[in-house]
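input31.cif follows; it contains mmCIF, C-alpha atoms.
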```cif
data_run
loop_
_atom_site.label_atom_id
_atom_site.label_comp_id
_atom_site.auth_asym_id
_atom_site.auth_seq_id
_atom_site.Cartn_x
_atom_site.Cartn_y
_atom_site.Cartn_z
CA MET A 1 109.20 90.58 149.36
CA ALA A 2 112.67 90.13 150.89
CA GLY A 3 113.68 92.89 153.26
CA TYR A 4 110.14 94.21 153.71
CA MET A 5 109.14 95.32 157.24
CA ASP A 6 105.98 97.13 158.32
CA ALA A 7 105.94 100.01 160.84
CA ASP A 8 105.00 97.86 163.86
CA SER A 9 107.77 95.34 163.18
CA ALA A 10 110.30 98.14 162.72
CA ALA A 11 109.32 99.69 166.07
CA LEU A 12 109.70 96.32 167.82
CA VAL A 13 113.17 95.78 166.31
CA ALA A 14 114.25 99.24 167.45
CA GLU A 15 112.94 98.61 170.97
CA LEU A 16 114.93 95.37 171.20
CA GLY A 17 118.06 97.14 169.97
CA GLU A 18 118.44 94.89 166.95
CA GLU A 19 119.59 95.94 163.50
CA PRO A 20 116.76 96.22 160.99
CA PRO A 21 117.11 94.27 157.73
CA GLU A 22 118.43 96.05 154.67
CA GLN A 23 115.81 98.04 152.77
CA SER A 24 114.47 96.52 149.58
CA GLU A 25 114.65 98.33 146.24
CA TRP A 26 110.95 99.18 146.44
CA GLN A 27 111.24 100.60 149.95
CA ARG A 28 114.14 102.84 148.93
CA LEU A 29 112.12 104.04 145.94
CA VAL A 30 108.93 104.96 147.77
CA GLU A 31 110.83 106.68 150.61
CA ASN A 32 112.75 108.83 148.16
CA PRO A 33 111.30 112.43 148.38
CA ALA A 34 111.99 113.04 144.69
CA PHE A 35 109.90 110.01 143.77
CA ALA A 36 106.96 111.21 145.91
CA ILE A 37 107.07 114.67 144.29
CA SER A 38 107.16 113.21 140.79
CA MET A 39 104.16 110.96 141.53
CA ARG A 40 102.11 113.87 142.87
CA THR A 41 102.94 115.93 139.79
CA ARG A 42 102.03 113.07 137.46
CA ALA A 43 98.77 112.45 139.29
CA GLY A 44 97.77 116.11 139.11
CA ALA A 45 98.55 116.30 135.40
CA THR A 46 97.12 113.06 134.09
CA ALA A 47 94.78 111.50 136.62
CA ARG A 48 91.14 112.32 137.22
CA ALA A 49 88.64 111.28 139.84
CA HIS A 50 84.99 110.59 139.14
CA VAL A 51 82.82 111.70 142.04
CA HIS A 52 79.24 110.47 142.21
CA GLU A 53 76.55 109.93 144.77
CA SER A 54 75.59 106.40 145.68
CA GLU A 55 71.95 105.34 146.06
CA SER A 56 72.36 105.53 149.85
CA GLY A 57 73.43 109.17 149.59
CA ALA A 58 77.15 108.64 150.28
CA MET A 59 79.70 110.33 148.04
CA VAL A 60 81.86 107.85 146.17
CA VAL A 61 85.19 108.86 144.62
CA SER A 62 86.39 106.59 141.82
CA PRO A 63 89.92 107.44 140.55
CA VAL A 64 90.36 107.07 136.84
CA GLY A 65 93.86 106.73 135.42
CA ALA A 66 94.69 108.57 132.23
CA GLY A 67 95.43 106.40 129.24
CA SER A 68 93.54 103.42 130.66
CA SER A 69 90.20 101.98 129.51
CA GLN A 70 88.73 103.24 132.77
CA GLY A 71 89.07 106.79 131.47
CA LEU A 72 86.84 106.23 128.42
CA ARG A 73 83.68 108.29 128.33
CA SER A 74 80.40 108.16 126.48
CA ALA A 75 77.08 110.02 126.43
CA CYS A 76 74.10 108.74 128.39
CA ILE A 77 71.48 107.88 125.78
CA ILE A 78 68.70 109.40 127.93
CA CYS A 79 70.03 112.62 129.47
CA GLY A 80 73.01 113.17 127.16
CA ASP A 81 75.49 113.73 130.02
CA ARG A 82 79.08 112.68 129.40
CA ILE A 83 79.80 109.77 131.73
CA TYR A 84 82.68 107.44 132.48
CA ILE A 85 82.00 104.02 131.00
CA ARG A 86 83.27 102.32 134.17
CA VAL A 87 80.44 103.91 136.17
CA SER A 88 77.66 103.38 133.65
CA ILE A 89 75.30 100.61 132.58
CA ARG A 90 75.57 99.32 129.03
CA ALA A 91 72.35 98.14 127.42
CA PRO A 92 72.27 95.05 125.15
CA CYS A 93 71.94 97.45 122.19
CA GLN A 94 75.29 99.01 123.28
CA HIS A 95 73.79 102.30 124.50
CA TYR A 96 75.11 103.65 127.80
CA TYR A 97 73.05 104.81 130.77
CA CYS A 98 74.19 106.89 133.70
CA TYR A 99 73.27 105.53 137.12
CA ASP A 100 70.60 108.20 137.70
CA CYS A 101 68.79 107.43 134.43
CA ILE A 102 68.84 103.66 134.92
CA ARG A 103 67.44 104.11 138.44
CA ASP A 104 64.73 106.39 137.07
CA LEU A 105 63.84 103.72 134.51
CA ILE A 106 63.63 101.00 137.16
CA ARG A 107 61.41 103.20 139.37
CA ALA A 108 59.17 103.96 136.40
CA CYS A 109 58.78 100.34 135.35
CA THR A 110 57.57 99.38 138.84
CA THR A 111 54.56 101.69 138.42
CA ASP A 112 54.04 101.50 134.64
CA GLU A 113 53.82 97.99 133.25
CA SER A 114 54.29 99.22 129.67
CA LEU A 115 57.93 99.92 130.63
CA TYR A 116 58.48 96.39 131.94
CA PRO A 117 60.77 94.62 131.39
CA PRO A 118 63.26 97.51 131.44
CA ARG A 119 64.68 97.64 127.94
CA CYS A 120 66.42 99.81 125.39
CA CYS A 121 65.69 99.54 121.67
CA ASN A 122 63.36 96.62 122.46
CA GLN A 123 66.19 94.61 124.02
CA PRO A 124 65.70 93.82 127.74
CA PHE A 125 68.44 94.62 130.22
CA ASP A 126 70.10 91.85 132.16
CA GLU A 127 68.95 92.72 135.69
CA ARG A 128 72.29 91.53 137.07
CA ALA A 129 73.81 94.64 135.48
CA PHE A 130 71.73 97.17 137.43
CA LEU A 131 70.62 95.43 140.64
CA PRO A 132 73.91 96.20 142.49
CA ILE A 133 73.46 99.97 142.09
CA LEU A 134 69.87 100.04 143.41
CA SER A 135 68.97 100.85 146.98
CA LEU A 136 67.62 97.99 149.05
CA GLN A 137 64.12 99.47 148.91
CA LEU A 138 64.12 99.93 145.12
CA ARG A 139 65.67 96.52 144.55
CA THR A 140 63.01 94.88 146.72
CA THR A 141 60.21 96.76 144.95
CA PHE A 142 61.57 95.86 141.51
CA GLN A 143 61.89 92.17 142.35
CA SER A 144 58.37 92.15 143.77
CA LYS A 145 56.96 93.82 140.66
CA SER A 146 58.96 91.46 138.46
CA ARG A 147 57.11 88.52 139.99
CA GLU A 148 53.81 90.32 139.40
CA PHE A 149 54.44 91.52 135.83
CA SER A 150 55.99 88.20 134.82
CA THR A 151 52.72 86.47 135.71
CA LEU A 152 50.18 86.24 132.89
CA ALA A 153 47.67 89.01 133.52
CA LEU A 154 44.67 86.66 133.40
CA HIS A 155 46.25 84.51 136.11
CA ARG A 156 47.08 87.28 138.58
CA VAL A 157 45.28 87.41 141.92
CA TYR A 158 45.11 90.62 143.97
CA CYS A 159 43.68 91.15 147.39
CA PRO A 160 40.08 92.37 146.88
CA SER A 161 40.25 94.60 149.95
CA PRO A 162 40.29 98.23 148.65
CA THR A 163 42.76 99.30 151.32
CA CYS A 164 45.19 96.50 150.46
CA SER A 165 45.12 95.30 146.81
CA VAL A 166 48.53 93.61 147.01
CA PHE A 167 49.54 91.01 144.45
CA LEU A 168 49.02 87.55 145.91
CA GLY A 169 50.27 85.29 143.14
CA SER A 170 48.99 83.21 140.25
CA ILE A 171 45.90 81.02 140.05
CA GLU A 172 47.99 78.39 138.28
CA ASN A 173 48.54 75.31 140.40
CA THR A 174 46.35 76.93 143.10
CA HIS A 175 42.93 75.58 143.99
CA GLY A 176 40.38 77.05 146.33
CA HIS A 177 41.76 80.05 148.18
CA ILE A 178 44.79 82.31 148.61
CA TYR A 179 45.53 83.96 151.93
CA CYS A 180 46.58 87.62 152.06
CA SER A 181 49.13 87.92 154.84
CA ALA A 182 49.04 91.72 154.63
CA CYS A 183 45.42 92.20 155.70
CA HIS A 184 44.46 88.60 156.61
CA THR A 185 41.87 88.29 153.83
CA LEU A 186 41.02 84.92 152.30
CA VAL A 187 40.55 85.18 148.52
CA CYS A 188 38.66 82.88 146.17
CA THR A 189 40.91 81.99 143.22
CA ARG A 190 37.93 81.34 140.93
CA CYS A 191 36.23 84.74 141.10
CA LYS A 192 39.17 86.59 142.71
CA GLN A 193 36.85 88.05 145.36
CA ARG A 194 36.61 87.44 149.10
CA ALA A 195 36.29 83.78 149.95
CA HIS A 196 32.69 82.55 150.25
CA PRO A 197 32.74 79.05 151.80
CA ASP A 198 29.90 76.76 150.72
CA ALA A 199 28.45 79.37 148.36
CA ARG A 200 28.64 80.00 144.63
CA CYS A 201 30.85 82.77 143.31
CA PRO A 202 28.91 86.05 143.35
CA GLU A 203 28.62 88.26 140.29
CA ASP A 204 31.12 91.09 140.18
CA THR A 205 28.70 93.97 139.69
CA ALA A 206 31.47 96.56 139.21
CA THR A 207 33.08 94.55 136.41
CA LEU A 208 29.72 93.95 134.75
CA ALA A 209 29.01 97.71 134.80
CA VAL A 210 32.35 98.44 133.14
CA ARG A 211 31.67 95.81 130.46
CA GLU A 212 28.28 97.33 129.72
CA LEU A 213 29.80 100.80 129.42
CA ALA A 214 32.55 99.44 127.16
CA ALA A 215 29.96 97.88 124.86
CA GLU A 216 27.99 101.13 124.76
CA ARG A 217 31.07 103.26 123.95
CA GLN A 218 32.50 100.61 121.57
CA TRP A 219 35.64 100.12 123.63
CA GLN A 220 37.60 96.91 123.20
CA THR A 221 38.84 94.26 125.64
CA CYS A 222 42.46 93.13 125.48
CA PRO A 223 42.57 89.37 124.80
CA GLY A 224 45.71 89.11 126.92
CA CYS A 225 44.73 90.68 130.23
CA ARG A 226 41.00 91.49 129.74
CA ASP A 227 41.55 95.18 130.44
CA VAL A 228 39.24 97.60 128.65
CA ILE A 229 40.98 99.82 126.09
CA GLU A 230 39.79 102.91 124.22
CA LEU A 231 41.27 103.97 120.88
CA ASN A 232 41.74 107.72 120.64
CA THR A 233 43.78 108.17 117.49
CA GLY A 234 45.78 106.14 115.01
CA CYS A 235 45.27 102.78 113.35
CA PHE A 236 43.55 99.68 114.72
CA HIS A 237 46.82 98.00 115.72
CA MET A 238 46.74 98.03 119.51
CA THR A 239 49.56 97.22 121.92
CA CYS A 240 48.29 96.79 125.47
CA ARG A 241 50.38 97.56 128.53
CA CYS A 242 50.65 93.78 128.97
CA ARG A 243 52.43 93.81 125.55
CA THR A 244 49.61 91.92 123.79
CA GLN A 245 49.13 93.15 120.21
CA PHE A 246 45.64 92.84 118.80
CA CYS A 247 43.07 94.27 116.39
CA TYR A 248 40.88 96.93 117.96
CA LEU A 249 37.87 96.00 115.83
CA CYS A 250 37.59 92.29 116.62
CA ALA A 251 40.10 91.73 119.48
CA GLU A 252 41.91 89.02 117.52
CA LEU A 253 45.68 88.86 117.84
CA TRP A 254 47.24 91.26 115.36
CA LYS A 255 47.40 90.13 111.72
CA ASN A 256 45.14 87.16 112.43
CA CYS A 257 42.02 88.76 110.97
CA GLY A 258 40.78 90.44 107.80
CA CYS A 259 39.65 93.72 109.38
CA PRO A 260 40.70 97.06 107.87
CA GLN A 261 43.84 98.36 109.52
CA TRP A 262 42.86 102.01 109.89
CA ASP A 263 40.01 104.48 109.90
CA GLU A 264 40.44 107.32 107.41
CA ASP A 265 39.03 109.96 109.76
CA ARG A 266 41.48 108.98 112.48
CA LEU A 267 44.43 109.19 110.08
CA VAL A 268 43.35 112.69 109.03
CA GLU A 269 43.06 113.70 112.69
CA VAL A 270 46.57 112.46 113.47
CA ALA A 271 48.02 114.12 110.35
CA HIS A 272 46.28 117.40 111.17
CA ARG A 273 47.73 117.47 114.69
CA ARG A 274 51.25 116.61 113.57
CA VAL A 275 51.31 119.26 110.85
CA ALA A 276 50.05 121.84 113.37
CA ASP A 277 52.94 120.89 115.69
CA GLU A 278 55.41 121.13 112.83
CA MET A 279 54.21 124.37 111.20
CA GLY A 280 52.80 126.10 114.27
CA GLN A 281 49.30 126.30 115.70
CA GLN A 282 48.48 129.43 113.63
CA ALA A 283 49.60 127.96 110.30
CA GLN A 284 46.15 126.76 109.29
CA ALA A 285 44.76 130.30 109.52
CA VAL A 286 47.79 132.07 108.04
CA ARG A 287 48.69 129.57 105.28
CA PRO A 288 45.59 127.39 104.81
CA PHE A 289 46.50 125.94 101.38
CA ALA A 290 50.05 125.02 102.39
CA PHE A 291 48.75 123.60 105.66
CA MET A 292 46.20 121.31 103.95
CA ARG A 293 48.78 120.23 101.37
CA HIS A 294 51.05 119.09 104.21
CA VAL A 295 48.12 117.31 105.87
CA GLU A 296 47.39 115.37 102.66
CA GLN A 297 51.05 114.38 102.44
CA ARG A 298 51.02 113.15 106.04
CA VAL A 299 47.85 111.13 105.45
CA ALA A 300 49.46 109.44 102.45
CA GLN A 301 52.53 108.60 104.55
CA LEU A 302 50.35 107.18 107.32
CA ARG A 303 48.50 104.92 104.89
CA ASP A 304 51.84 103.34 103.94
CA ASN A 305 53.49 103.41 107.37
CA HIS A 306 50.65 103.35 109.91
CA ASP A 307 51.98 100.06 111.31
CA CYS A 308 55.62 101.13 111.56
CA ASP A 309 57.78 98.73 113.58
CA ASP A 310 61.17 100.10 112.55
CA HIS A 311 61.31 103.57 114.05
CA ARG A 312 64.15 105.80 112.86
CA TRP A 313 64.30 108.89 115.02
CA GLN A 314 65.37 112.42 114.21
CA ARG A 315 65.28 115.41 116.50
CA ARG A 316 62.95 118.35 115.85
CA ASN A 317 63.42 121.47 117.92
CA GLY A 318 60.44 123.24 119.43
CA GLY A 319 57.78 122.27 121.93
CA SER A 320 55.49 119.31 121.25
CA MET A 321 53.66 116.49 123.00
CA CYS A 322 54.82 112.88 123.15
CA GLU A 323 52.11 110.75 121.52
CA GLU A 324 52.89 107.80 123.79
CA CYS A 325 52.97 109.25 127.33
CA ASN A 326 51.30 112.63 126.55
CA ASP A 327 54.08 114.57 128.27
CA TYR A 328 54.76 117.97 126.78
CA LEU A 329 58.39 118.54 125.74
CA PRO A 330 59.16 122.27 125.64
CA GLU A 331 62.54 122.10 123.85
CA PHE A 332 62.48 119.26 121.31
CA ILE A 333 60.71 116.08 120.23
CA LEU A 334 61.88 112.94 118.41
CA VAL A 335 60.07 112.23 115.13
CA CYS A 336 60.13 108.87 113.32
CA ARG A 337 61.30 109.30 109.71
CA ASN A 338 59.01 106.47 108.60
CA CYS A 339 55.64 107.05 110.32
CA GLN A 340 56.13 110.58 111.73
CA LEU A 341 55.30 109.38 115.25
CA GLN A 342 56.32 111.95 117.88
CA ALA A 343 57.89 110.61 121.06
CA CYS A 344 60.03 111.70 123.99
CA VAL A 345 63.46 110.18 124.54
CA ARG A 346 62.22 107.86 127.30
CA CYS A 347 59.39 106.43 125.19
CA SER A 348 61.53 106.10 122.07
CA ARG A 349 64.14 104.07 123.94
CA ASN A 350 62.26 102.27 126.69
CA ARG A 351 58.60 101.95 125.66
CA LEU A 352 58.25 101.52 121.90
#
```
Could you render the structure from this file as structure tokens?
Amino acid sequence: MAGYMDADSAALVAELGEEPPEQSEWQRLVENPAFAISMRTRAGATARAHVHESESGAMVVSPVGAGSSQGLRSACIICGDRIYIRVSIRAPCQHYYCYDCIRDLIRACTTDESLYPPRCCNQPFDERAFLPILSLQLRTTFQSKSREFSTLALHRVYCPSPTCSVFLGSIENTHGHIYCSACHTLVCTRCKQRAHPDARCPEDTATLAVRELAAERQWQTCPGCRDVIELNTGCFHMTCRCRTQFCYLCAELWKNCGCPQWDEDRLVEVAHRRVADEMGQQAQAVRPFAFMRHVEQRVAQLRDNHDCDDHRWQRRNGGSMCEECNDYLPEFILVCRNCQLQACVRCSRNRL
């Protein structure tokens, strides 16, 4: 800009005894005391600053101008806090997450595979949206777990050393052995146990014992990852933590068999528990006929909607247990209008 001179240049001109150039219009404006006072007044009246803590612990101040898109706010879908959109993460389903809640979700999905990939309303996040706000440690852990959880469960190889157990990779395109650099163990990719040169793969006695117990207790094996699964309540539609959906009776992929889809006794058990949560634990003793009438209604609803895949949530105040993670919620629970499933906010958004 013509006529502009910084402080150092002005000092040099004065030292040499030369005449400084004429001030520009902008310089005259910003050096006018009245202009400075008016700007401070305007800033105090219309501007706001969003202060938040970065993952490293440093306080970050982000000024937000009034009347601009940066000043728009929304509610975090998990905690309900009002947040500035410019310092939030928007999910593909258009819900907004505060930084704390998205970090909590990423931490949780690194230890609970049923939450991976991180998603909202069954739509996965683009990791490029949240990676920049993660600490180096959390980002490294997430990327490591992403490689693990993105590998087909049947193909995963872990170090067999009990004090190590790190993920080593996939058996695909790998023949013979995999070396664990963490504890210097050589692992056989066929049996996934310690390498045994010039010898046949030994029987895994621990796995055989679990299989025998599963057969005795009538537990089922997931066809996707071979994990053993027990059905406590509900219908025979199972969703494993590896996201494989299958029939609990025959282990076929879901809707590929002719097995019955529910057990009547299990439906009654679920209905009984939900009505007790809704009416109170003493309702059966105080109002037995009304209680059983509600149970019969719930059973009828479950017969029609036991395999609900279109959850529509409504809030119900009062303490209750999430049927997915078993956490107890003292203040409120979300209830599906279709199947009456009870879930916490985290499970309703990020797990189901």
- Task: In the coordinate frame of the file, compute which residues have an atom within 12 Å of (36.7, 95.3, 126.9) when using all atoms listed in the file, and state them as a PyMOL selection string.
- Result: chain A and resi 207-231+240+248-251
- Task: Could you list the residues chosen by the PyMOL selection byres ((chain A and resi 336) around 6) in this structure as number ranges by chain?
- Result: A: 311-313, 335, 337-341
- Item | Selected residue, from A:Ala300, A:Cys347, A:Met238, A:Leu334, that lies nearest to Glu278 in chain A when counting all atoms listed in the file | A:Leu334
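For the set A:Phe236, A:Leu329, A:Met321, A:Cys242, the residue with the smallest atom-to-atom gap to Asp307 in chain A is A:Phe236, counting only C-alpha atoms.
Atom pair CA of Arg273 in chain A / CA of Arg346 in chain A has a distance of 21.5 Å (rounded to one decimal).
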